[in-house]
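Colleague: Here's a structure for you.
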Amino acid sequence: ESPHKTEIFAVKMQNFFKAATPVEEIPILTLGSNPFPATKRTIGGYLVEGPRPVQVKIRGESFYLVGFSSGDFPTDDYTLNFMWSKSMLGPYKPI
């Protein structure tokens with residue numbers, strides 16, 4: 001009943017290759033009831049993909065940045081986005 005969509009979740013890891021159990025998905029970026037317009041696809045549904053998280057220090061303070069793409073590949077509506085947080089697990093704010 002809902003359109004096709006992708007969202008960004010985090011999972012705590014036991015090591016580099018295995019998720020901790022029980023697996024708990026932590027929402028990082030979900031579409032919610034009012035999705036960002038840049039996530040809408042012309043063929044229907046919503047696309048948010050390829051998150052690339054990094055930690056940076058600015059004036060001694062840690063921030064977490066996540067770059068991701070969204071929209072309709074390969075059209076002019078395909079965009080690169082960033083969000084930031086002071087906590088690795090969010091909440092994140094779009095830039």
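If you're wondering about the labels, chains in the structure tokens are A, B, ... by order shown, residues count from 1 in each chain, ligands from 1 in order shown.
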If we count only C-alpha atoms, what is near A:Leu80 at a cut-off of 8 Å, once residues fewer than 5 positions away on the same chain are taken out, given as number ranges by chain?
Modeller: A: 67-70
Colleague: Calculated over only C-alpha atoms, which of the candidates A:Val54, A:Ala19, A:Ile28, A:Ala38 has the smallest distance to A:Pro91?
Modeller: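 Among the listed residues, the smallest separation from A:Pro91 belongs to A:Ile28.
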Colleague: Which residue, A:Met83, A:Met13, A:Lys18, A:Asp72, has the smallest gap to A:Pro51 when you use only C-alpha atoms?
Modeller: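 Of the candidates, the smallest distance to A:Pro51 is held by A:Met83.
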Colleague: Pick from A:Thr42, A:Ser62, A:Asn81, A:Thr30: nearest to A:Lys5, with only C-alpha atoms counted?
Modeller: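 Looking only at the distances to A:Lys5, the closest residue turns out to be A:Thr30.
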Colleague: Could you tell me which of A:Gln14, A:Tyr92, A:Tyr78, A:Pro27 comes closest to A:Leu47 if we count only C-alpha atoms?
Modeller: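 Among A:Gln14, A:Tyr92, A:Tyr78, A:Pro27, it is A:Tyr78 that comes nearest to A:Leu47.
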Colleague: Determine, counting only C-alpha atoms, which protein, DNA and RNA residues have an atom within 10 Å of an atom of A:Pro37; residues of the same chain fewer than 2 positions away are not included. Present the result as number ranges by chain.
Modeller: A: 34-35, 39-41, 46, 70-71, 77
Colleague: Could those selected residues go to a file with C-alpha atoms, as a PDB file, in the first residue's frame?
Modeller:
ATOM      1  CA  ASN A  34       6.589  14.620   4.569  1.00  0.00           C
ATOM      2  CA  PRO A  35       9.552  13.318   2.499  1.00  0.00           C
ATOM      3  CA  THR A  39      13.922  11.947  -2.773  1.00  0.00           C
ATOM      4  CA  LYS A  40      10.929  11.504  -5.127  1.00  0.00           C
ATOM      5  CA  ARG A  41      11.397   9.458  -8.304  1.00  0.00           C
ATOM      6  CA  TYR A  46      11.451   7.428  -3.121  1.00  0.00           C
ATOM      7  CA  SER A  70      18.724  10.757  -3.629  1.00  0.00           C
ATOM      8  CA  GLY A  71      16.205  11.156  -6.393  1.00  0.00           C
ATOM      9  CA  ASP A  77      16.851  15.413 -10.226  1.00  0.00           C
TER      10      ASP A  77
END
Colleague: DSSP on the backbone, strand (DSSP E) only: what residues of chain A does that give? Format it as an MDAnalysis selection string.
Modeller: chainID A and resid 8:11 25:29 48:58 61:70 79:85 93:94
Colleague: Calculated over only C-alpha atoms, which of the candidates A:Gly50, A:Glu24, A:Thr79, A:Leu89 has the smallest distance to A:Thr6?
Modeller: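 Counting only C-alpha atoms, the residue closest to A:Thr6 is A:Gly50.
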Colleague: With distances taken over only C-alpha atoms, which residue among A:Phe36, A:Lys57, A:Ile43, A:Phe73 lies nearest A:Pro94?
Modeller: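 Looking at the shortest contact to A:Pro94, the residue is A:Phe36.
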Colleague: Could you check how far atom CA of A:Ala20 sits from atom CA of A:Arg52, in Å to one decimal?
Modeller: 20.8 Å
